[in-house]
>>> print(open('model18.cif').read())   # mmCIF, C-alpha atoms
data_structure
#
loop_
_atom_site.label_atom_id
_atom_site.label_comp_id
_atom_site.auth_asym_id
_atom_site.auth_seq_id
_atom_site.Cartn_x
_atom_site.Cartn_y
_atom_site.Cartn_z
CA MET C 5 -33.86 -59.66 -19.74
CA ALA C 6 -35.27 -62.73 -21.50
CA THR C 7 -35.52 -62.66 -25.27
CA PRO C 8 -39.22 -62.69 -26.23
CA PHE C 9 -40.63 -65.50 -28.32
CA PRO C 10 -41.07 -64.74 -32.02
CA ALA C 11 -44.72 -64.47 -33.09
CA PRO C 12 -44.66 -67.38 -35.54
CA ARG C 13 -42.83 -70.08 -33.64
CA THR C 14 -42.19 -73.77 -34.22
CA VAL C 15 -41.96 -76.80 -31.93
CA ILE C 16 -40.28 -79.98 -33.13
CA LEU C 17 -41.60 -83.26 -31.79
CA THR C 18 -39.80 -86.57 -32.29
CA GLY C 19 -41.73 -89.84 -32.34
CA ALA C 20 -45.04 -88.05 -32.77
CA ALA C 21 -46.72 -90.13 -35.47
CA SER C 22 -47.90 -93.21 -33.55
CA PRO C 23 -51.72 -93.36 -33.75
CA ARG C 24 -52.29 -93.60 -29.97
CA GLY C 25 -49.02 -92.04 -28.82
CA ILE C 26 -48.32 -89.17 -26.47
CA GLY C 27 -46.43 -87.30 -29.19
CA ARG C 28 -49.33 -87.22 -31.61
CA GLY C 29 -51.74 -85.96 -28.95
CA THR C 30 -49.24 -83.29 -27.98
CA ALA C 31 -48.84 -82.16 -31.60
CA PHE C 32 -52.56 -81.40 -31.85
CA HIS C 33 -52.64 -79.71 -28.44
CA LEU C 34 -49.71 -77.42 -29.21
CA ALA C 35 -51.09 -76.57 -32.65
CA GLU C 36 -54.33 -75.52 -30.97
CA LEU C 37 -52.24 -73.11 -28.87
CA GLY C 38 -50.72 -71.59 -32.02
CA TRP C 39 -47.48 -73.51 -32.35
CA ASN C 40 -46.32 -74.53 -35.82
CA VAL C 41 -45.28 -78.16 -35.68
CA GLY C 42 -42.37 -80.17 -37.08
CA ILE C 43 -42.56 -83.95 -36.66
CA ILE C 44 -39.66 -86.39 -36.90
CA ASP C 45 -40.63 -90.06 -36.86
CA ILE C 46 -39.10 -93.36 -37.99
CA ASP C 47 -42.20 -93.75 -40.20
CA ALA C 48 -41.90 -90.98 -42.81
CA ASP C 49 -45.39 -91.55 -44.28
CA ALA C 50 -47.04 -91.46 -40.85
CA ALA C 51 -45.09 -88.30 -39.98
CA ALA C 52 -46.31 -86.58 -43.15
CA ARG C 53 -49.91 -87.72 -42.58
CA THR C 54 -49.92 -86.57 -38.97
CA ALA C 55 -48.49 -83.18 -39.93
CA ALA C 56 -51.16 -82.75 -42.62
CA GLU C 57 -53.91 -83.60 -40.11
CA VAL C 58 -52.48 -81.15 -37.56
CA ALA C 59 -52.33 -78.37 -40.15
CA ASP C 60 -55.88 -79.07 -41.32
CA ALA C 61 -57.25 -79.18 -37.79
CA HIS C 62 -55.71 -75.98 -36.48
CA GLY C 63 -54.59 -73.87 -39.41
CA VAL C 64 -50.91 -73.87 -38.47
CA GLN C 65 -47.92 -74.85 -40.55
CA ALA C 66 -46.87 -78.44 -39.98
CA VAL C 67 -44.29 -80.65 -41.67
CA GLY C 68 -43.42 -84.28 -41.03
CA VAL C 69 -40.18 -86.01 -41.99
CA GLY C 70 -38.79 -89.50 -41.55
CA ALA C 71 -35.57 -90.27 -39.69
CA ASN C 72 -34.03 -92.77 -37.34
CA VAL C 73 -32.93 -90.39 -34.58
CA ALA C 74 -30.23 -92.84 -33.47
CA ASP C 75 -28.42 -92.05 -36.73
CA ARG C 76 -26.71 -88.70 -36.17
CA ALA C 77 -26.59 -87.73 -39.85
CA ALA C 78 -30.27 -88.57 -40.33
CA ALA C 79 -31.27 -86.71 -37.18
CA VAL C 80 -29.36 -83.58 -38.18
CA ALA C 81 -30.71 -83.70 -41.73
CA ALA C 82 -34.28 -84.00 -40.44
CA VAL C 83 -33.92 -80.90 -38.27
CA ASP C 84 -32.26 -79.06 -41.17
CA GLU C 85 -35.25 -79.91 -43.38
CA LEU C 86 -37.81 -78.77 -40.81
CA GLU C 87 -35.91 -75.58 -40.07
CA ALA C 88 -35.89 -74.66 -43.76
CA ALA C 89 -39.64 -75.27 -44.11
CA LEU C 90 -41.06 -73.75 -40.92
CA PRO C 91 -40.90 -70.53 -38.85
CA GLN C 92 -38.23 -70.06 -36.17
CA ILE C 93 -37.67 -73.14 -34.02
CA VAL C 94 -38.27 -72.27 -30.37
CA ALA C 95 -38.88 -75.67 -28.76
CA LEU C 96 -38.07 -79.37 -29.01
CA VAL C 97 -39.80 -82.28 -27.29
CA ASN C 98 -38.09 -85.69 -27.50
CA PHE C 99 -40.88 -88.29 -27.51
CA ALA C 100 -39.14 -90.90 -29.69
CA GLY C 101 -38.41 -93.97 -27.63
CA VAL C 102 -38.74 -97.75 -27.41
CA SER C 103 -39.72 -100.05 -24.56
CA SER C 104 -37.83 -103.12 -23.35
CA PRO C 105 -39.50 -105.81 -21.23
CA VAL C 106 -36.44 -108.12 -21.31
CA PRO C 107 -35.28 -109.34 -17.84
CA TYR C 108 -31.82 -108.04 -16.91
CA LEU C 109 -30.03 -111.40 -16.97
CA GLU C 110 -31.33 -111.96 -20.49
CA VAL C 111 -30.32 -108.58 -21.95
CA THR C 112 -28.13 -109.13 -25.02
CA PRO C 113 -25.70 -106.60 -26.47
CA GLU C 114 -28.13 -106.15 -29.37
CA GLU C 115 -31.06 -105.35 -27.05
CA TRP C 116 -28.98 -102.97 -24.95
CA HIS C 117 -27.76 -101.09 -28.03
CA ARG C 118 -31.23 -100.99 -29.61
CA VAL C 119 -32.74 -99.27 -26.58
CA GLU C 120 -29.88 -96.93 -25.67
CA SER C 121 -29.30 -95.84 -29.28
CA ILE C 122 -32.84 -94.53 -29.61
CA ASN C 123 -33.71 -93.51 -26.05
CA ILE C 124 -30.53 -91.58 -25.22
CA ASP C 125 -28.31 -91.30 -28.31
CA GLY C 126 -31.30 -90.19 -30.40
CA VAL C 127 -32.33 -87.63 -27.81
CA HIS C 128 -28.78 -86.28 -27.75
CA TRP C 129 -28.35 -85.95 -31.52
CA VAL C 130 -31.64 -84.16 -32.14
CA THR C 131 -31.27 -81.98 -29.05
CA GLN C 132 -27.73 -80.93 -29.92
CA ARG C 133 -28.77 -79.89 -33.44
CA VAL C 134 -31.82 -77.95 -32.26
CA ALA C 135 -29.84 -76.42 -29.40
CA ARG C 136 -27.40 -74.86 -31.87
CA THR C 137 -30.28 -72.87 -33.40
CA LEU C 138 -31.81 -71.96 -30.04
CA ALA C 139 -28.48 -70.73 -28.68
CA GLU C 140 -27.88 -68.70 -31.82
CA ASN C 141 -31.29 -67.03 -31.44
CA GLY C 142 -30.93 -66.58 -27.68
CA VAL C 143 -34.26 -68.21 -26.83
CA GLY C 144 -35.59 -71.73 -26.62
CA ARG C 145 -37.04 -74.64 -24.71
CA LEU C 146 -35.71 -78.22 -24.69
CA ILE C 147 -37.71 -81.11 -23.24
CA GLY C 148 -36.60 -84.67 -22.59
CA ILE C 149 -39.11 -87.40 -21.80
CA SER C 150 -38.00 -89.69 -18.99
CA SER C 151 -40.17 -92.17 -17.06
CA VAL C 152 -41.19 -93.06 -13.55
CA SER C 153 -39.31 -96.28 -14.38
CA ALA C 154 -36.02 -94.34 -14.19
CA GLN C 155 -36.80 -93.03 -10.72
CA ARG C 156 -38.25 -96.19 -9.20
CA GLY C 157 -35.87 -98.66 -10.83
CA GLY C 158 -38.37 -100.20 -13.19
CA GLY C 159 -41.53 -101.68 -11.77
CA THR C 160 -43.32 -100.97 -15.05
CA TYR C 161 -43.66 -102.88 -18.31
CA SER C 162 -40.07 -102.03 -19.29
CA LYS C 163 -36.99 -103.08 -17.40
CA THR C 164 -33.28 -102.23 -17.08
CA PRO C 165 -32.18 -100.95 -20.52
CA TYR C 166 -35.22 -98.68 -20.60
CA SER C 167 -34.79 -97.45 -17.02
CA ALA C 168 -31.10 -96.75 -17.60
CA SER C 169 -31.79 -94.80 -20.79
CA LYS C 170 -34.56 -92.75 -19.18
CA ALA C 171 -32.34 -91.93 -16.18
CA ALA C 172 -29.69 -90.78 -18.64
CA VAL C 173 -32.20 -88.35 -20.19
CA ILE C 174 -32.47 -86.61 -16.81
CA GLY C 175 -28.71 -86.22 -16.50
CA LEU C 176 -28.40 -85.01 -20.07
CA MET C 177 -31.07 -82.33 -19.73
CA ARG C 178 -29.77 -81.05 -16.39
CA SER C 179 -26.31 -80.66 -17.84
CA ILE C 180 -27.70 -78.89 -20.92
CA ALA C 181 -29.71 -76.60 -18.63
CA ARG C 182 -26.53 -75.58 -16.85
CA GLU C 183 -24.54 -74.99 -20.04
CA LEU C 184 -27.18 -73.23 -22.12
CA GLY C 185 -28.98 -71.23 -19.44
CA PRO C 186 -26.64 -68.25 -19.96
CA VAL C 187 -27.71 -68.03 -23.62
CA GLY C 188 -31.44 -68.07 -22.90
CA VAL C 189 -32.24 -71.75 -23.41
CA THR C 190 -34.04 -73.84 -20.78
CA ALA C 191 -33.91 -77.64 -20.57
CA ASN C 192 -36.34 -79.73 -18.56
CA VAL C 193 -37.69 -83.26 -18.28
CA ILE C 194 -41.18 -84.67 -18.05
CA SER C 195 -41.42 -88.03 -16.31
CA PRO C 196 -44.69 -89.79 -17.11
CA GLY C 197 -46.18 -92.58 -15.05
CA PRO C 198 -48.45 -95.16 -16.67
CA ILE C 199 -50.12 -93.57 -19.70
CA ASP C 200 -52.87 -95.12 -21.81
CA THR C 201 -50.85 -95.71 -25.00
CA ASP C 202 -49.57 -98.81 -26.80
CA ILE C 203 -45.92 -98.61 -25.65
CA MET C 204 -46.58 -100.93 -22.71
CA GLY C 205 -47.38 -103.96 -24.84
CA GLY C 206 -50.52 -103.01 -26.71
CA THR C 207 -53.87 -101.47 -25.91
CA LEU C 208 -54.59 -101.70 -22.20
CA SER C 209 -57.61 -103.53 -20.81
CA GLU C 210 -59.70 -101.87 -18.10
CA GLU C 211 -58.42 -104.50 -15.67
CA ARG C 212 -54.80 -103.70 -16.47
CA LYS C 213 -55.45 -99.95 -16.20
CA SER C 214 -56.91 -100.46 -12.71
CA ALA C 215 -53.96 -102.57 -11.63
CA MET C 216 -51.49 -99.95 -12.89
CA ALA C 217 -53.37 -97.12 -11.19
CA ALA C 218 -53.36 -98.94 -7.85
CA ASP C 219 -49.74 -97.91 -7.12
CA GLY C 220 -50.49 -94.19 -7.41
CA VAL C 221 -52.64 -91.94 -5.24
CA LEU C 222 -55.14 -91.17 -8.01
CA THR C 223 -57.63 -93.74 -9.23
CA ARG C 224 -56.73 -93.67 -12.92
CA ILE C 225 -53.76 -93.89 -15.23
CA GLY C 226 -52.67 -90.96 -17.34
CA THR C 227 -53.73 -89.87 -20.80
CA PRO C 228 -51.72 -88.27 -23.62
CA GLN C 229 -53.55 -85.02 -22.80
CA ASP C 230 -52.04 -85.04 -19.29
CA ILE C 231 -48.57 -85.04 -20.82
CA ALA C 232 -49.48 -82.56 -23.57
CA ALA C 233 -50.59 -80.04 -20.96
CA ALA C 234 -47.30 -80.40 -19.09
CA VAL C 235 -45.36 -79.92 -22.32
CA ALA C 236 -47.40 -76.83 -23.19
CA TYR C 237 -46.41 -75.21 -19.90
CA LEU C 238 -42.71 -76.09 -20.00
CA ILE C 239 -42.23 -74.83 -23.57
CA SER C 240 -44.27 -71.68 -22.96
CA GLU C 241 -42.86 -68.19 -22.65
CA ASP C 242 -44.14 -68.16 -19.05
CA ALA C 243 -41.80 -71.02 -18.09
CA GLY C 244 -38.64 -69.02 -18.73
CA PHE C 245 -37.46 -69.27 -15.11
CA VAL C 246 -37.89 -73.06 -14.93
CA THR C 247 -34.87 -75.11 -15.99
CA GLY C 248 -33.05 -78.28 -14.97
CA GLN C 249 -36.25 -79.69 -13.50
CA THR C 250 -38.07 -83.01 -13.74
CA LEU C 251 -41.85 -82.69 -13.74
CA ASN C 252 -43.49 -85.94 -12.70
CA VAL C 253 -46.87 -86.49 -14.34
CA ASP C 254 -47.65 -89.82 -12.76
CA GLY C 255 -50.68 -89.63 -10.49
CA GLY C 256 -48.49 -89.51 -7.39
CA LEU C 257 -46.74 -92.78 -8.19
CA TYR C 258 -43.34 -91.37 -7.29
CA MET C 259 -42.96 -88.59 -4.71
CA HIS C 260 -39.56 -87.17 -3.91
#
>>> encode(input="model18.cif", output="structure tokens")
Amino acid sequence: MATPFPAPRTVILTGAASPRGIGRGTAFHLAELGWNVGIIDIDADAAARTAAEVADAHGVQAVGVGANVADRAAAVAAVDELEAALPQIVALVNFAGVSSPVPYLEVTPEEWHRVESINIDGVHWVTQRVARTLAENGVGRLIGISSVSAQRGGGTYSKTPYSASKAAVIGLMRSIARELGPVGVTANVISPGPIDTDIMGGTLSEERKSAMAADGVLTRIGTPQDIAAAVAYLISEDAGFVTGQTLNVDGGLYMH
């Protein structure tokens, strides 16, 4: 029998303070559904501001802290701080990530390390710390954010270091799903296609949006709300029998 969710429950979101980012949109969406929100972002001031806006908008508890998730000690300390300030942590969504448009033959050790340290090491350190709490409580939801780039071998703004890191997120979450399933914790991945944010080199023109949408079967690119809705389902109590899965939210760009 699955352990029921506690009434006041908290979701932690990493990388959720960018003004036009998926994480920020998801924070507001989940708060509207009654989730208390913890935000971890490299920009501590932006994290605090976003949390205050979320709390004001939806009457939930929200706290934002600054941390470089690639730094294990900082990542753990950030989760510790949020856990002390908010109701029981039930879910984690790993939005923090960086893009990398560098061609493969030009990838330096510094560029490789920059991307992998945030996109996979950072996901691991935050997830491991949150997972300890979820396992202890016998209930929880873990979400990794991958990319259609991982499944198609690039073909987007970002290239090899990014694709490799986002493929690693899928392997990490599937393995966690297998290990932590017996203690009531699910682990899944959301794989976005092109989304109208600034991670792909700045605000997108209408022309560029149309070109990006042309590869999919729908006539538009995605919005942060499309991803927020997918997150809301996968971290919900109703999704307790879904684990080890990758949910593509990409307009039909990649079908498998």
>>> residues_around(input="model18.cif", residues="Leu90 of chain C", least_positions_apart="5", cutoff="9 Å", atoms="all atoms listed in the file", output="list in words")
Arg13, Thr14, Asn40, Val41, Gly42, Gln65, Ala66, Val67 and Glu85 of chain C
>>> write_last_selection(input="model18.cif", atoms="C-alpha atoms", output="PDB file, in the frame of the given file")
ATOM      1  CA  ARG C  13     -42.830 -70.080 -33.640  1.00  0.00           C
ATOM      2  CA  THR C  14     -42.190 -73.770 -34.220  1.00  0.00           C
ATOM      3  CA  ASN C  40     -46.320 -74.530 -35.820  1.00  0.00           C
ATOM      4  CA  VAL C  41     -45.280 -78.160 -35.680  1.00  0.00           C
ATOM      5  CA  GLY C  42     -42.370 -80.170 -37.080  1.00  0.00           C
ATOM      6  CA  GLN C  65     -47.920 -74.850 -40.550  1.00  0.00           C
ATOM      7  CA  ALA C  66     -46.870 -78.440 -39.980  1.00  0.00           C
ATOM      8  CA  VAL C  67     -44.290 -80.650 -41.670  1.00  0.00           C
ATOM      9  CA  GLU C  85     -35.250 -79.910 -43.380  1.00  0.00           C
TER      10      GLU C  85
END
>>> resolve_selection(input="model18.cif", expression="the PyMOL selection byres ((chain C and resi 46) around 6)", output="PyMOL selection string")
chain C and resi 45+47+70-72
>>> atom_distance(input="model18.cif", atom1="atom CA of Ile180 of chain C", atom2="atom CA of Asp84 of chain C")
20.8 Å
>>> resolve_selection(input="model18.cif", expression="the PyMOL selection byres ((chain C and resi 258) around 10)", output="list in words")
Val152, Ser153, Gln155, Arg156, Ser195, Gly197, Asp219, Gly220, Val221, Asn252, Val253, Asp254, Gly255, Gly256, Leu257, Met259 and His260 of chain C
>>> residues_around(input="model18.cif", residues="Val119 of chain C", least_positions_apart="6", cutoff="9 Å", atoms="only C-alpha atoms", output="list in words")
Gly101, Val102, Ser103, Ser104, Pro165, Tyr166 and Ser169 of chain C
>>> closest_residue(input="model18.cif", among="C:Leu176, C:Ala181, C:Val111, C:Val189", to="Thr137 of chain C", atoms="all atoms listed in the file")
C:Val189
>>> closest_residue(input="model18.cif", among="C:Val173, C:Leu34, C:Ala20, C:Ala191", to="Ala233 of chain C", atoms="all atoms listed in the file")
C:Leu34
>>> residues_around(input="model18.cif", residues="Ala59 of chain C", least_positions_apart="2", cutoff="12 Å", atoms="all atoms listed in the file", output="PyMOL selection string")
chain C and resi 31-36+38-43+52-57+61-68
>>> resolve_selection(input="model18.cif", expression="the PyMOL selection byres ((chain C and resi 240) around 12)", output="number ranges by chain")
C: 8-10, 13-15, 34, 37-39, 94-96, 143-147, 190, 233-239, 241-246
>>> write_last_selection(input="model18.cif", atoms="C-alpha atoms", output="PDB file, in the frame of the given file")
ATOM      1  CA  PRO C   8     -39.220 -62.690 -26.230  1.00  0.00           C
ATOM      2  CA  PHE C   9     -40.630 -65.500 -28.320  1.00  0.00           C
ATOM      3  CA  PRO C  10     -41.070 -64.740 -32.020  1.00  0.00           C
ATOM      4  CA  ARG C  13     -42.830 -70.080 -33.640  1.00  0.00           C
ATOM      5  CA  THR C  14     -42.190 -73.770 -34.220  1.00  0.00           C
ATOM      6  CA  VAL C  15     -41.960 -76.800 -31.930  1.00  0.00           C
ATOM      7  CA  LEU C  34     -49.710 -77.420 -29.210  1.00  0.00           C
ATOM      8  CA  LEU C  37     -52.240 -73.110 -28.870  1.00  0.00           C
ATOM      9  CA  GLY C  38     -50.720 -71.590 -32.020  1.00  0.00           C
ATOM     10  CA  TRP C  39     -47.480 -73.510 -32.350  1.00  0.00           C
ATOM     11  CA  VAL C  94     -38.270 -72.270 -30.370  1.00  0.00           C
ATOM     12  CA  ALA C  95     -38.880 -75.670 -28.760  1.00  0.00           C
ATOM     13  CA  LEU C  96     -38.070 -79.370 -29.010  1.00  0.00           C
ATOM     14  CA  VAL C 143     -34.260 -68.210 -26.830  1.00  0.00           C
ATOM     15  CA  GLY C 144     -35.590 -71.730 -26.620  1.00  0.00           C
ATOM     16  CA  ARG C 145     -37.040 -74.640 -24.710  1.00  0.00           C
ATOM     17  CA  LEU C 146     -35.710 -78.220 -24.690  1.00  0.00           C
ATOM     18  CA  ILE C 147     -37.710 -81.110 -23.240  1.00  0.00           C
ATOM     19  CA  THR C 190     -34.040 -73.840 -20.780  1.00  0.00           C
ATOM     20  CA  ALA C 233     -50.590 -80.040 -20.960  1.00  0.00           C
ATOM     21  CA  ALA C 234     -47.300 -80.400 -19.090  1.00  0.00           C
ATOM     22  CA  VAL C 235     -45.360 -79.920 -22.320  1.00  0.00           C
ATOM     23  CA  ALA C 236     -47.400 -76.830 -23.190  1.00  0.00           C
ATOM     24  CA  TYR C 237     -46.410 -75.210 -19.900  1.00  0.00           C
ATOM     25  CA  LEU C 238     -42.710 -76.090 -20.000  1.00  0.00           C
ATOM     26  CA  ILE C 239     -42.230 -74.830 -23.570  1.00  0.00           C
ATOM     27  CA  GLU C 241     -42.860 -68.190 -22.650  1.00  0.00           C
ATOM     28  CA  ASP C 242     -44.140 -68.160 -19.050  1.00  0.00           C
ATOM     29  CA  ALA C 243     -41.800 -71.020 -18.090  1.00  0.00           C
ATOM     30  CA  GLY C 244     -38.640 -69.020 -18.730  1.00  0.00           C
ATOM     31  CA  PHE C 245     -37.460 -69.270 -15.110  1.00  0.00           C
ATOM     32  CA  VAL C 246     -37.890 -73.060 -14.930  1.00  0.00           C
TER      33      VAL C 246
END
>>> closest_residue(input="model18.cif", among="C:Met177, C:Ala100, C:Ala6, C:Leu184", to="Gly27 of chain C", atoms="all atoms listed in the file")
C:Ala100
>>> atom_distance(input="model18.cif", atom1="atom CA of Ala74 of chain C", atom2="atom CA of His117 of chain C")
10.2 Å
>>> closest_residue(input="model18.cif", among="C:Ile225, C:Arg136, C:Thr247, C:Val73", to="Arg182 of chain C", atoms="all atoms listed in the file")
C:Thr247
>>> decode(input="model18.cif", residues="segment 131-141 of chain C", atoms="all heavy atoms", output="PDB file, in the first residue's frame")
ATOM      1  N   THR C 131      19.679  15.414  -6.049  1.00  0.00           N
ATOM      2  CA  THR C 131      18.762  14.269  -5.998  1.00  0.00           C
ATOM      3  C   THR C 131      19.135  13.324  -4.864  1.00  0.00           C
ATOM      4  O   THR C 131      18.255  12.843  -4.127  1.00  0.00           O
ATOM      5  CB  THR C 131      18.769  13.514  -7.344  1.00  0.00           C
ATOM      6  OG1 THR C 131      18.325  14.409  -8.371  1.00  0.00           O
ATOM      7  CG2 THR C 131      17.839  12.308  -7.300  1.00  0.00           C
ATOM      8  N   GLN C 132      20.415  13.036  -4.711  1.00  0.00           N
ATOM      9  CA  GLN C 132      20.828  12.115  -3.652  1.00  0.00           C
ATOM     10  C   GLN C 132      20.429  12.642  -2.276  1.00  0.00           C
ATOM     11  O   GLN C 132      19.934  11.889  -1.429  1.00  0.00           O
ATOM     12  CB  GLN C 132      22.340  11.889  -3.709  1.00  0.00           C
ATOM     13  CG  GLN C 132      22.823  10.834  -2.716  1.00  0.00           C
ATOM     14  CD  GLN C 132      24.341  10.730  -2.690  1.00  0.00           C
ATOM     15  OE1 GLN C 132      25.045  11.730  -2.536  1.00  0.00           O
ATOM     16  NE2 GLN C 132      24.850   9.511  -2.866  1.00  0.00           N
ATOM     17  N   ARG C 133      20.632  13.947  -2.057  1.00  0.00           N
ATOM     18  CA  ARG C 133      20.281  14.539  -0.755  1.00  0.00           C
ATOM     19  C   ARG C 133      18.769  14.498  -0.521  1.00  0.00           C
ATOM     20  O   ARG C 133      18.315  14.112   0.569  1.00  0.00           O
ATOM     21  CB  ARG C 133      20.806  15.981  -0.685  1.00  0.00           C
ATOM     22  CG  ARG C 133      20.300  16.793   0.495  1.00  0.00           C
ATOM     23  CD  ARG C 133      20.644  16.163   1.852  1.00  0.00           C
ATOM     24  NE  ARG C 133      19.998  16.885   2.935  1.00  0.00           N
ATOM     25  CZ  ARG C 133      18.754  16.662   3.350  1.00  0.00           C
ATOM     26  NH1 ARG C 133      18.005  15.722   2.767  1.00  0.00           N
ATOM     27  NH2 ARG C 133      18.250  17.352   4.343  1.00  0.00           N
ATOM     28  N   VAL C 134      17.993  14.883  -1.509  1.00  0.00           N
ATOM     29  CA  VAL C 134      16.531  14.840  -1.359  1.00  0.00           C
ATOM     30  C   VAL C 134      16.048  13.404  -1.206  1.00  0.00           C
ATOM     31  O   VAL C 134      15.161  13.107  -0.399  1.00  0.00           O
ATOM     32  CB  VAL C 134      15.840  15.528  -2.556  1.00  0.00           C
ATOM     33  CG1 VAL C 134      14.324  15.302  -2.505  1.00  0.00           C
ATOM     34  CG2 VAL C 134      16.140  17.022  -2.572  1.00  0.00           C
ATOM     35  N   ALA C 135      16.655  12.497  -1.961  1.00  0.00           N
ATOM     36  CA  ALA C 135      16.236  11.094  -1.918  1.00  0.00           C
ATOM     37  C   ALA C 135      16.401  10.481  -0.531  1.00  0.00           C
ATOM     38  O   ALA C 135      15.629   9.600  -0.139  1.00  0.00           O
ATOM     39  CB  ALA C 135      17.017  10.279  -2.944  1.00  0.00           C
ATOM     40  N   ARG C 136      17.398  10.934   0.212  1.00  0.00           N
ATOM     41  CA  ARG C 136      17.571  10.425   1.580  1.00  0.00           C
ATOM     42  C   ARG C 136      16.320  10.722   2.421  1.00  0.00           C
ATOM     43  O   ARG C 136      15.829   9.864   3.163  1.00  0.00           O
ATOM     44  CB  ARG C 136      18.794  11.071   2.238  1.00  0.00           C
ATOM     45  CG  ARG C 136      20.123  10.687   1.612  1.00  0.00           C
ATOM     46  CD  ARG C 136      21.293  11.194   2.452  1.00  0.00           C
ATOM     47  NE  ARG C 136      22.542  11.198   1.697  1.00  0.00           N
ATOM     48  CZ  ARG C 136      23.272  10.116   1.436  1.00  0.00           C
ATOM     49  NH1 ARG C 136      22.866   8.933   1.868  1.00  0.00           N
ATOM     50  NH2 ARG C 136      24.400  10.210   0.748  1.00  0.00           N
ATOM     51  N   THR C 137      15.803  11.932   2.299  1.00  0.00           N
ATOM     52  CA  THR C 137      14.596  12.321   3.033  1.00  0.00           C
ATOM     53  C   THR C 137      13.378  11.553   2.536  1.00  0.00           C
ATOM     54  O   THR C 137      12.576  11.054   3.337  1.00  0.00           O
ATOM     55  CB  THR C 137      14.358  13.843   2.887  1.00  0.00           C
ATOM     56  OG1 THR C 137      15.363  14.538   3.629  1.00  0.00           O
ATOM     57  CG2 THR C 137      12.988  14.238   3.411  1.00  0.00           C
ATOM     58  N   LEU C 138      13.237  11.449   1.221  1.00  0.00           N
ATOM     59  CA  LEU C 138      12.069  10.751   0.668  1.00  0.00           C
ATOM     60  C   LEU C 138      12.057   9.280   1.095  1.00  0.00           C
ATOM     61  O   LEU C 138      11.008   8.734   1.467  1.00  0.00           O
ATOM     62  CB  LEU C 138      12.064  10.851  -0.867  1.00  0.00           C
ATOM     63  CG  LEU C 138      12.104  12.253  -1.491  1.00  0.00           C
ATOM     64  CD1 LEU C 138      11.882  12.157  -3.002  1.00  0.00           C
ATOM     65  CD2 LEU C 138      11.081  13.175  -0.858  1.00  0.00           C
ATOM     66  N   ALA C 139      13.221   8.649   1.042  1.00  0.00           N
ATOM     67  CA  ALA C 139      13.314   7.234   1.430  1.00  0.00           C
ATOM     68  C   ALA C 139      12.979   7.051   2.908  1.00  0.00           C
ATOM     69  O   ALA C 139      12.305   6.086   3.297  1.00  0.00           O
ATOM     70  CB  ALA C 139      14.708   6.701   1.130  1.00  0.00           C
ATOM     71  N   GLU C 140      13.442   7.990   3.705  1.00  0.00           N
ATOM     72  CA  GLU C 140      13.187   7.934   5.151  1.00  0.00           C
ATOM     73  C   GLU C 140      11.693   8.043   5.445  1.00  0.00           C
ATOM     74  O   GLU C 140      11.147   7.360   6.315  1.00  0.00           O
ATOM     75  CB  GLU C 140      13.932   9.097   5.820  1.00  0.00           C
ATOM     76  CG  GLU C 140      14.030   9.000   7.326  1.00  0.00           C
ATOM     77  CD  GLU C 140      14.900  10.120   7.889  1.00  0.00           C
ATOM     78  OE1 GLU C 140      16.118  10.116   7.619  1.00  0.00           O
ATOM     79  OE2 GLU C 140      14.350  11.000   8.572  1.00  0.00           O
ATOM     80  N   ASN C 141      10.996   8.894   4.655  1.00  0.00           N
ATOM     81  CA  ASN C 141       9.561   9.098   4.855  1.00  0.00           C
ATOM     82  C   ASN C 141       8.697   8.077   4.111  1.00  0.00           C
ATOM     83  O   ASN C 141       7.485   8.008   4.321  1.00  0.00           O
ATOM     84  CB  ASN C 141       9.164  10.510   4.412  1.00  0.00           C
ATOM     85  CG  ASN C 141       9.733  11.576   5.330  1.00  0.00           C
ATOM     86  OD1 ASN C 141       9.888  11.360   6.521  1.00  0.00           O
ATOM     87  ND2 ASN C 141      10.040  12.740   4.769  1.00  0.00           N
TER      88      ASN C 141
END
